[in-house]
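Next comes run14.cif, with mmCIF, N, CA and C atoms.
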```
data_final
#
loop_
_atom_site.label_atom_id
_atom_site.label_comp_id
_atom_site.auth_asym_id
_atom_site.auth_seq_id
_atom_site.Cartn_x
_atom_site.Cartn_y
_atom_site.Cartn_z
N MET A 921 -23.23 56.59 18.85
CA MET A 921 -23.33 55.20 19.24
C MET A 921 -22.26 54.45 18.49
N PRO A 922 -21.44 53.69 19.16
CA PRO A 922 -20.37 52.96 18.50
C PRO A 922 -20.93 51.75 17.76
N HIS A 923 -20.28 51.39 16.64
CA HIS A 923 -20.66 50.23 15.84
C HIS A 923 -19.64 49.14 16.03
N SER A 924 -20.05 47.93 15.96
CA SER A 924 -19.10 46.83 16.09
C SER A 924 -18.35 46.69 14.79
N ALA A 925 -17.23 46.08 14.85
CA ALA A 925 -16.40 45.88 13.67
C ALA A 925 -17.02 44.87 12.71
N ASP A 926 -17.93 44.01 13.23
CA ASP A 926 -18.54 42.99 12.39
C ASP A 926 -19.66 43.55 11.50
N CYS A 927 -20.26 44.68 11.87
CA CYS A 927 -21.37 45.25 11.10
C CYS A 927 -20.94 46.61 10.59
N PRO A 928 -20.77 46.76 9.29
CA PRO A 928 -20.44 48.07 8.76
C PRO A 928 -21.57 49.05 9.07
N GLU A 929 -21.23 50.33 9.07
CA GLU A 929 -22.19 51.36 9.45
C GLU A 929 -23.42 51.31 8.53
N GLY A 930 -24.64 51.36 9.09
CA GLY A 930 -25.89 51.36 8.35
C GLY A 930 -26.38 49.97 7.96
N GLN A 931 -25.69 48.93 8.29
CA GLN A 931 -26.15 47.58 7.95
C GLN A 931 -26.38 46.79 9.22
N SER A 932 -27.23 45.83 9.13
CA SER A 932 -27.55 44.99 10.27
C SER A 932 -27.47 43.54 9.85
N GLN A 933 -27.18 42.69 10.77
CA GLN A 933 -27.13 41.27 10.48
C GLN A 933 -28.51 40.71 10.16
N HIS A 934 -29.58 41.41 10.50
CA HIS A 934 -30.92 40.94 10.22
C HIS A 934 -31.24 40.97 8.73
N PHE A 935 -30.49 41.72 7.95
CA PHE A 935 -30.77 41.84 6.52
C PHE A 935 -29.77 41.10 5.66
N THR A 936 -29.02 40.21 6.22
CA THR A 936 -28.09 39.41 5.44
C THR A 936 -28.73 38.05 5.19
N PHE A 937 -28.50 37.48 4.00
CA PHE A 937 -29.06 36.20 3.61
C PHE A 937 -27.94 35.28 3.18
N SER A 938 -28.16 34.00 3.36
CA SER A 938 -27.23 33.05 2.77
C SER A 938 -27.53 32.98 1.28
N ARG A 939 -26.61 32.46 0.50
CA ARG A 939 -26.84 32.33 -0.94
C ARG A 939 -28.07 31.46 -1.20
N ARG A 940 -28.20 30.38 -0.48
CA ARG A 940 -29.35 29.49 -0.67
C ARG A 940 -30.65 30.23 -0.38
N GLY A 941 -30.72 30.96 0.72
CA GLY A 941 -31.91 31.72 1.07
C GLY A 941 -32.23 32.79 0.04
N LEU A 942 -31.19 33.45 -0.47
CA LEU A 942 -31.39 34.48 -1.48
C LEU A 942 -31.94 33.87 -2.77
N LEU A 943 -31.38 32.74 -3.20
CA LEU A 943 -31.85 32.09 -4.43
C LEU A 943 -33.27 31.57 -4.26
N GLN A 944 -33.57 31.01 -3.10
CA GLN A 944 -34.93 30.52 -2.86
C GLN A 944 -35.94 31.68 -2.87
N GLY A 945 -35.55 32.79 -2.28
CA GLY A 945 -36.44 33.96 -2.25
C GLY A 945 -36.68 34.51 -3.65
N LEU A 946 -35.61 34.61 -4.45
CA LEU A 946 -35.75 35.10 -5.82
C LEU A 946 -36.59 34.14 -6.66
N ALA A 947 -36.39 32.84 -6.47
CA ALA A 947 -37.16 31.86 -7.22
C ALA A 947 -38.64 31.94 -6.85
N ALA A 948 -38.94 32.12 -5.57
CA ALA A 948 -40.33 32.18 -5.13
C ALA A 948 -41.04 33.40 -5.73
N VAL A 949 -40.31 34.48 -5.91
CA VAL A 949 -40.90 35.70 -6.46
C VAL A 949 -40.90 35.66 -7.98
N GLY A 950 -39.83 35.18 -8.62
CA GLY A 950 -39.69 35.28 -10.06
C GLY A 950 -40.28 34.14 -10.87
N LEU A 951 -40.26 32.91 -10.36
CA LEU A 951 -40.72 31.77 -11.15
C LEU A 951 -42.19 31.84 -11.56
N PRO A 952 -43.09 32.29 -10.71
CA PRO A 952 -44.49 32.35 -11.16
C PRO A 952 -44.68 33.22 -12.41
N PHE A 953 -43.82 34.22 -12.61
CA PHE A 953 -43.93 35.06 -13.79
C PHE A 953 -43.33 34.41 -15.03
N LEU A 954 -42.43 33.43 -14.83
CA LEU A 954 -41.79 32.77 -15.96
C LEU A 954 -42.56 31.56 -16.46
N VAL A 955 -43.32 30.92 -15.59
CA VAL A 955 -44.09 29.74 -15.96
C VAL A 955 -45.44 30.20 -16.52
N PRO A 956 -45.79 29.78 -17.74
CA PRO A 956 -47.07 30.22 -18.30
C PRO A 956 -48.25 29.67 -17.50
N GLN A 957 -49.26 30.50 -17.35
CA GLN A 957 -50.47 30.10 -16.65
C GLN A 957 -51.31 29.23 -17.57
N VAL A 958 -51.90 28.17 -17.04
CA VAL A 958 -52.79 27.32 -17.83
C VAL A 958 -54.14 28.01 -17.90
N GLN A 959 -54.59 28.29 -19.12
CA GLN A 959 -55.88 28.94 -19.34
C GLN A 959 -56.85 27.92 -19.93
N PRO A 960 -58.10 27.91 -19.48
CA PRO A 960 -59.06 27.01 -20.10
C PRO A 960 -59.29 27.40 -21.55
N ALA A 961 -59.56 26.41 -22.41
CA ALA A 961 -59.77 26.66 -23.83
C ALA A 961 -60.98 27.57 -24.06
N THR A 962 -62.04 27.36 -23.33
CA THR A 962 -63.22 28.21 -23.42
C THR A 962 -63.76 28.45 -22.03
N SER A 963 -64.33 29.59 -21.86
CA SER A 963 -64.94 29.94 -20.59
C SER A 963 -66.28 29.22 -20.47
N PRO A 964 -66.67 28.80 -19.26
CA PRO A 964 -67.97 28.15 -19.12
C PRO A 964 -69.13 29.07 -19.50
N ASP A 965 -68.90 30.39 -19.45
CA ASP A 965 -69.95 31.33 -19.79
C ASP A 965 -69.94 31.71 -21.27
N GLU A 966 -68.99 31.19 -22.02
CA GLU A 966 -68.88 31.55 -23.43
C GLU A 966 -69.98 30.86 -24.24
N ARG A 967 -70.55 31.61 -25.17
CA ARG A 967 -71.63 31.08 -26.00
C ARG A 967 -71.08 30.14 -27.07
N PRO A 968 -71.79 29.05 -27.31
CA PRO A 968 -71.42 28.23 -28.47
C PRO A 968 -71.82 28.98 -29.73
N LEU A 969 -71.18 28.67 -30.83
CA LEU A 969 -71.53 29.31 -32.09
C LEU A 969 -72.85 28.75 -32.60
N PRO A 970 -73.67 29.59 -33.23
CA PRO A 970 -74.93 29.08 -33.77
C PRO A 970 -74.66 28.19 -34.98
N GLU A 971 -75.56 27.23 -35.22
CA GLU A 971 -75.43 26.34 -36.38
C GLU A 971 -75.81 27.05 -37.67
N PHE A 972 -76.77 27.96 -37.57
CA PHE A 972 -77.30 28.64 -38.75
C PHE A 972 -77.19 30.14 -38.55
N LYS A 973 -77.20 30.88 -39.65
CA LYS A 973 -77.18 32.33 -39.58
C LYS A 973 -78.34 32.90 -40.39
N ILE A 974 -78.61 34.17 -40.20
CA ILE A 974 -79.69 34.82 -40.93
C ILE A 974 -79.42 34.70 -42.43
N GLY A 975 -80.44 34.31 -43.15
CA GLY A 975 -80.33 34.14 -44.60
C GLY A 975 -80.11 32.71 -45.04
N ASP A 976 -79.74 31.82 -44.10
CA ASP A 976 -79.55 30.42 -44.47
C ASP A 976 -80.89 29.80 -44.88
N LEU A 977 -80.84 28.98 -45.93
CA LEU A 977 -82.02 28.23 -46.35
C LEU A 977 -81.98 26.88 -45.65
N ILE A 978 -83.07 26.55 -44.99
CA ILE A 978 -83.10 25.34 -44.16
C ILE A 978 -84.32 24.49 -44.50
N ALA A 979 -84.34 23.29 -43.95
CA ALA A 979 -85.49 22.39 -44.09
C ALA A 979 -85.77 21.76 -42.74
N GLN A 980 -87.03 21.43 -42.54
CA GLN A 980 -87.45 20.71 -41.33
C GLN A 980 -88.35 19.56 -41.76
N ASP A 981 -87.97 18.36 -41.36
CA ASP A 981 -88.72 17.17 -41.75
C ASP A 981 -89.76 16.83 -40.68
N TRP A 982 -90.96 16.50 -41.14
CA TRP A 982 -92.00 16.01 -40.25
C TRP A 982 -91.97 14.50 -40.33
N GLU A 983 -92.04 13.87 -39.20
CA GLU A 983 -92.15 12.41 -39.18
C GLU A 983 -93.13 12.03 -38.09
N GLN A 984 -94.09 11.25 -38.45
CA GLN A 984 -95.11 10.76 -37.52
C GLN A 984 -95.72 11.91 -36.73
N ASN A 985 -96.29 12.83 -37.45
CA ASN A 985 -96.92 14.00 -36.86
C ASN A 985 -98.10 13.58 -36.00
N GLU A 986 -98.26 14.22 -34.84
CA GLU A 986 -99.35 13.89 -33.91
C GLU A 986 -100.68 14.48 -34.35
N ASP A 987 -100.65 15.51 -35.18
CA ASP A 987 -101.88 16.14 -35.66
C ASP A 987 -102.55 15.23 -36.70
N GLU A 988 -103.79 14.86 -36.46
CA GLU A 988 -104.50 13.93 -37.35
C GLU A 988 -104.70 14.49 -38.75
N ASP A 989 -104.87 15.82 -38.86
CA ASP A 989 -105.11 16.45 -40.15
C ASP A 989 -103.83 16.63 -40.97
N ALA A 990 -102.71 16.57 -40.33
CA ALA A 990 -101.43 16.80 -41.02
C ALA A 990 -100.90 15.49 -41.60
N PRO A 991 -100.13 15.61 -42.67
CA PRO A 991 -99.54 14.39 -43.23
C PRO A 991 -98.52 13.80 -42.25
N GLN A 992 -98.31 12.52 -42.33
CA GLN A 992 -97.36 11.86 -41.42
C GLN A 992 -95.90 12.14 -41.79
N PHE A 993 -95.64 12.37 -43.06
CA PHE A 993 -94.28 12.66 -43.50
C PHE A 993 -94.32 13.83 -44.47
N ALA A 994 -93.53 14.86 -44.20
CA ALA A 994 -93.45 16.02 -45.08
C ALA A 994 -92.18 16.79 -44.74
N THR A 995 -91.82 17.72 -45.59
CA THR A 995 -90.66 18.58 -45.35
C THR A 995 -91.06 20.02 -45.61
N ASP A 996 -90.78 20.89 -44.64
CA ASP A 996 -91.00 22.33 -44.79
C ASP A 996 -89.66 22.97 -45.13
N PHE A 997 -89.71 24.01 -45.96
CA PHE A 997 -88.51 24.74 -46.36
C PHE A 997 -88.68 26.20 -45.98
N GLY A 998 -87.59 26.84 -45.61
CA GLY A 998 -87.69 28.25 -45.24
C GLY A 998 -86.32 28.91 -45.15
N GLU A 999 -86.38 30.15 -44.70
CA GLU A 999 -85.17 30.97 -44.56
C GLU A 999 -85.08 31.47 -43.13
N VAL A 1000 -83.89 31.39 -42.54
CA VAL A 1000 -83.68 31.88 -41.18
C VAL A 1000 -83.75 33.41 -41.22
N VAL A 1001 -84.66 33.98 -40.43
CA VAL A 1001 -84.81 35.44 -40.38
C VAL A 1001 -84.43 36.00 -39.01
N GLY A 1002 -84.13 35.13 -38.06
CA GLY A 1002 -83.71 35.58 -36.73
C GLY A 1002 -83.22 34.41 -35.91
N LEU A 1003 -82.46 34.72 -34.87
CA LEU A 1003 -81.98 33.68 -33.97
C LEU A 1003 -81.82 34.28 -32.59
N CYS A 1004 -81.86 33.42 -31.60
CA CYS A 1004 -81.77 33.86 -30.21
C CYS A 1004 -81.03 32.82 -29.39
N TYR A 1005 -80.09 33.29 -28.57
CA TYR A 1005 -79.34 32.41 -27.67
C TYR A 1005 -80.06 32.35 -26.32
N LEU A 1006 -80.27 31.14 -25.82
CA LEU A 1006 -80.93 30.93 -24.53
C LEU A 1006 -79.92 30.38 -23.53
N PRO A 1007 -79.37 31.23 -22.66
CA PRO A 1007 -78.35 30.76 -21.72
C PRO A 1007 -78.91 29.90 -20.59
N GLU A 1008 -80.17 30.09 -20.25
CA GLU A 1008 -80.78 29.34 -19.15
C GLU A 1008 -81.78 28.32 -19.70
N ALA A 1009 -82.01 27.28 -18.93
CA ALA A 1009 -82.97 26.26 -19.33
C ALA A 1009 -84.39 26.83 -19.25
N SER A 1010 -85.18 26.49 -20.22
CA SER A 1010 -86.60 26.84 -20.25
C SER A 1010 -87.29 25.67 -20.93
N TYR A 1011 -88.07 25.93 -21.93
CA TYR A 1011 -88.62 24.85 -22.74
C TYR A 1011 -87.49 24.12 -23.46
N TYR A 1012 -86.43 24.87 -23.77
CA TYR A 1012 -85.23 24.33 -24.42
C TYR A 1012 -84.13 24.18 -23.39
N PRO A 1013 -83.17 23.27 -23.63
CA PRO A 1013 -82.04 23.14 -22.69
C PRO A 1013 -81.22 24.43 -22.64
N ARG A 1014 -80.44 24.61 -21.58
CA ARG A 1014 -79.60 25.81 -21.48
C ARG A 1014 -78.50 25.77 -22.55
N HIS A 1015 -77.99 26.95 -22.87
CA HIS A 1015 -76.96 27.15 -23.90
C HIS A 1015 -77.44 26.64 -25.26
N THR A 1016 -78.65 27.03 -25.63
CA THR A 1016 -79.26 26.60 -26.89
C THR A 1016 -79.53 27.80 -27.78
N TRP A 1017 -79.32 27.63 -29.06
CA TRP A 1017 -79.74 28.62 -30.06
C TRP A 1017 -81.08 28.18 -30.61
N VAL A 1018 -82.02 29.11 -30.74
CA VAL A 1018 -83.28 28.86 -31.44
C VAL A 1018 -83.35 29.79 -32.63
N TYR A 1019 -84.12 29.39 -33.63
CA TYR A 1019 -84.15 30.09 -34.90
C TYR A 1019 -85.58 30.47 -35.25
N TYR A 1020 -85.71 31.64 -35.86
CA TYR A 1020 -87.01 32.10 -36.36
C TYR A 1020 -86.95 31.97 -37.88
N VAL A 1021 -87.96 31.30 -38.42
CA VAL A 1021 -87.92 30.91 -39.83
C VAL A 1021 -89.13 31.47 -40.57
N HIS A 1022 -88.87 32.04 -41.73
CA HIS A 1022 -89.95 32.39 -42.66
C HIS A 1022 -90.11 31.18 -43.56
N TRP A 1023 -91.18 30.44 -43.33
CA TRP A 1023 -91.42 29.21 -44.08
C TRP A 1023 -91.91 29.57 -45.48
N THR A 1024 -91.27 29.04 -46.50
CA THR A 1024 -91.59 29.42 -47.88
C THR A 1024 -92.44 28.40 -48.62
N HIS A 1025 -92.19 27.12 -48.39
CA HIS A 1025 -92.97 26.09 -49.07
C HIS A 1025 -92.79 24.75 -48.36
N SER A 1026 -93.57 23.75 -48.80
CA SER A 1026 -93.56 22.45 -48.14
C SER A 1026 -93.90 21.36 -49.15
N THR A 1027 -93.54 20.15 -48.81
CA THR A 1027 -93.98 19.01 -49.62
C THR A 1027 -95.42 18.64 -49.27
N CYS A 1028 -95.95 19.25 -48.23
CA CYS A 1028 -97.34 19.04 -47.83
C CYS A 1028 -98.23 19.94 -48.66
N SER A 1029 -99.12 19.37 -49.45
CA SER A 1029 -100.00 20.17 -50.31
C SER A 1029 -101.12 20.84 -49.53
N LYS A 1030 -101.43 20.36 -48.32
CA LYS A 1030 -102.51 20.92 -47.52
C LYS A 1030 -102.09 22.16 -46.72
N CYS A 1031 -100.78 22.43 -46.65
CA CYS A 1031 -100.27 23.53 -45.83
C CYS A 1031 -100.28 24.84 -46.60
N CYS A 1032 -100.48 25.94 -45.89
CA CYS A 1032 -100.53 27.28 -46.51
C CYS A 1032 -99.18 27.97 -46.34
N TYR A 1033 -98.49 28.14 -47.42
CA TYR A 1033 -97.19 28.81 -47.39
C TYR A 1033 -97.17 29.88 -48.47
N PRO A 1034 -96.38 30.90 -48.33
CA PRO A 1034 -95.40 31.20 -47.29
C PRO A 1034 -96.08 31.71 -46.01
N CYS A 1035 -95.34 31.57 -44.89
CA CYS A 1035 -95.85 32.06 -43.61
C CYS A 1035 -94.71 32.26 -42.64
N PHE A 1036 -94.96 33.14 -41.68
CA PHE A 1036 -94.06 33.33 -40.55
C PHE A 1036 -94.91 33.20 -39.31
N ASP A 1037 -94.67 32.12 -38.53
CA ASP A 1037 -95.51 31.88 -37.35
C ASP A 1037 -94.96 32.53 -36.09
N GLY A 1038 -93.73 33.05 -36.13
CA GLY A 1038 -93.15 33.72 -34.97
C GLY A 1038 -92.69 32.80 -33.87
N GLU A 1039 -92.77 31.51 -34.08
CA GLU A 1039 -92.38 30.54 -33.06
C GLU A 1039 -90.90 30.16 -33.24
N PRO A 1040 -90.14 30.04 -32.13
CA PRO A 1040 -88.75 29.60 -32.25
C PRO A 1040 -88.68 28.12 -32.61
N THR A 1041 -87.65 27.76 -33.33
CA THR A 1041 -87.43 26.37 -33.73
C THR A 1041 -86.04 25.95 -33.28
N ALA A 1042 -85.93 24.81 -32.64
CA ALA A 1042 -84.63 24.31 -32.17
C ALA A 1042 -83.76 23.92 -33.36
N GLY A 1043 -82.48 24.21 -33.24
CA GLY A 1043 -81.55 23.91 -34.33
C GLY A 1043 -81.42 22.44 -34.63
N ASN A 1044 -81.62 21.59 -33.64
CA ASN A 1044 -81.45 20.15 -33.88
C ASN A 1044 -82.58 19.55 -34.71
N THR A 1045 -83.64 20.34 -34.99
CA THR A 1045 -84.72 19.85 -35.86
C THR A 1045 -84.58 20.38 -37.28
N LEU A 1046 -83.57 21.22 -37.51
CA LEU A 1046 -83.37 21.84 -38.83
C LEU A 1046 -82.16 21.24 -39.52
N ARG A 1047 -82.17 21.32 -40.84
CA ARG A 1047 -80.98 20.96 -41.61
C ARG A 1047 -80.73 22.04 -42.65
N LEU A 1048 -79.46 22.24 -42.96
CA LEU A 1048 -79.06 23.29 -43.89
C LEU A 1048 -79.26 22.83 -45.34
N ILE A 1049 -79.87 23.70 -46.13
CA ILE A 1049 -80.01 23.48 -47.57
C ILE A 1049 -78.91 24.25 -48.29
N SER A 1050 -78.77 25.55 -47.97
CA SER A 1050 -77.66 26.35 -48.51
C SER A 1050 -77.44 27.59 -47.66
N ARG A 1051 -76.20 28.06 -47.68
CA ARG A 1051 -75.84 29.27 -46.93
C ARG A 1051 -76.34 30.50 -47.67
N GLY A 1052 -76.91 31.42 -46.89
CA GLY A 1052 -77.43 32.67 -47.46
C GLY A 1052 -76.37 33.70 -47.64
#
```

Show me, as structure tokens, the structure contained in the file I just sent.
Amino acid sequence: MPHSADCPEGQSQHFTFSRRGLLQGLAAVGLPFLVPQVQPATSPDERPLPEFKIGDLIAQDWEQNEDEDAPQFATDFGEVVGLCYLPEASYYPRHTWVYYVHWTHSTCSKCCYPCFDGEPTAGNTLRLISRG
């Protein structure tokens, strides 16, 4: 089959590009790799850090207690012996840490300490006394 003088053997005019077309094509392919991708600072599924850790000494203040037999103002002291992350809403809001505390003593003279009641305590009701 004879070839025209305008197309060298094995080449076709369908595969020729103008300089502008070639640069635009290269830019479309190469630029996305050169521009850094914006990453979110934290993933929505990422856990927040807990406020307290096992061994921390904490306090919980009672104010205007609803129980008639309990004092209206007192402070319980204890040690964090466990913690649990709650990703879904339940009794506590979602993405909440709860803490299990071995209560050691209290300013309430009527209370029996030490004790471990096994009930979770929300971090927003506790305050740190010292790191364990």

Between CA of Glu1039 in chain A and CA of Tyr1012 in chain A, what distance in Å does the model show, to one decimal?
12.8 Å

At what distance in Å, to one decimal, does atom C of Glu983 in chain A lie from atom C of Tyr1005 in chain A?
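Computing the Euclidean distance for atom C of Tyr1005 in chain A and atom C of Glu983 in chain A yields 26.9 Å.
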
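Here the PyMOL selection byres (((chain A and resi 1033 and name CA) around 12) and name CA) captures the residues Asp996, Phe997, Gly998, His1022, Trp1023, Thr1024, His1025, Ser1026, Thr1027, Cys1028, Ser1029, Lys1030, Cys1031, Cys1032, Pro1034, Cys1035, Phe1036 and Asp1037 of chain A.
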
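Here the PyMOL selection byres ((chain A and resi 1015) around 8) catches exactly these residues: Glu966, Arg967, Pro968, Tyr1005, Leu1006, Pro1007, Glu1008, Ala1009, Ser1010, Tyr1012, Pro1013, Arg1014, Thr1016, Trp1017 and Val1018 of chain A.
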
Counting only C-alpha atoms, what is within 6 Å of Trp982 in chain A, bar same-chain residues fewer than 5 positions away, as a PyMOL selection string?
chain A and resi 993-995

Residues matched by the PyMOL selection byres ((chain A and resi 1043) around 7) as a ChimeraX atom specification:
/A:971,1017-1019,1041-1042,1044-1047

Length of the atom C of Gly1052 in chain A to CA of Pro1040 in chain A vector [Å]
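Atom-to-atom, atom C of Gly1052 in chain A and CA of Pro1040 in chain A are spaced 20.2 Å apart.
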
Looking at A:Val1000, A:Val1021, A:Ile978, A:Tyr1011, which one is nearest to Leu1048 in chain A, with distances taken over all atoms listed in the file?
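Checking each candidate against Leu1048 in chain A, we get A:Ile978 as the closest.
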
Would you please give, as a PyMOL selection string, all residues of range 959-1039 of chain A that DSSP assigns to strand (DSSP E) based on the backbone?
chain A and resi 977-983+993-1006+1016-1026

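The smallest atom-to-atom distance between Arg1051 in chain A and any of A:Pro970, A:Gly1038, A:Gly1002, A:Gly975, using all atoms listed in the file, is found for A:Gly975.
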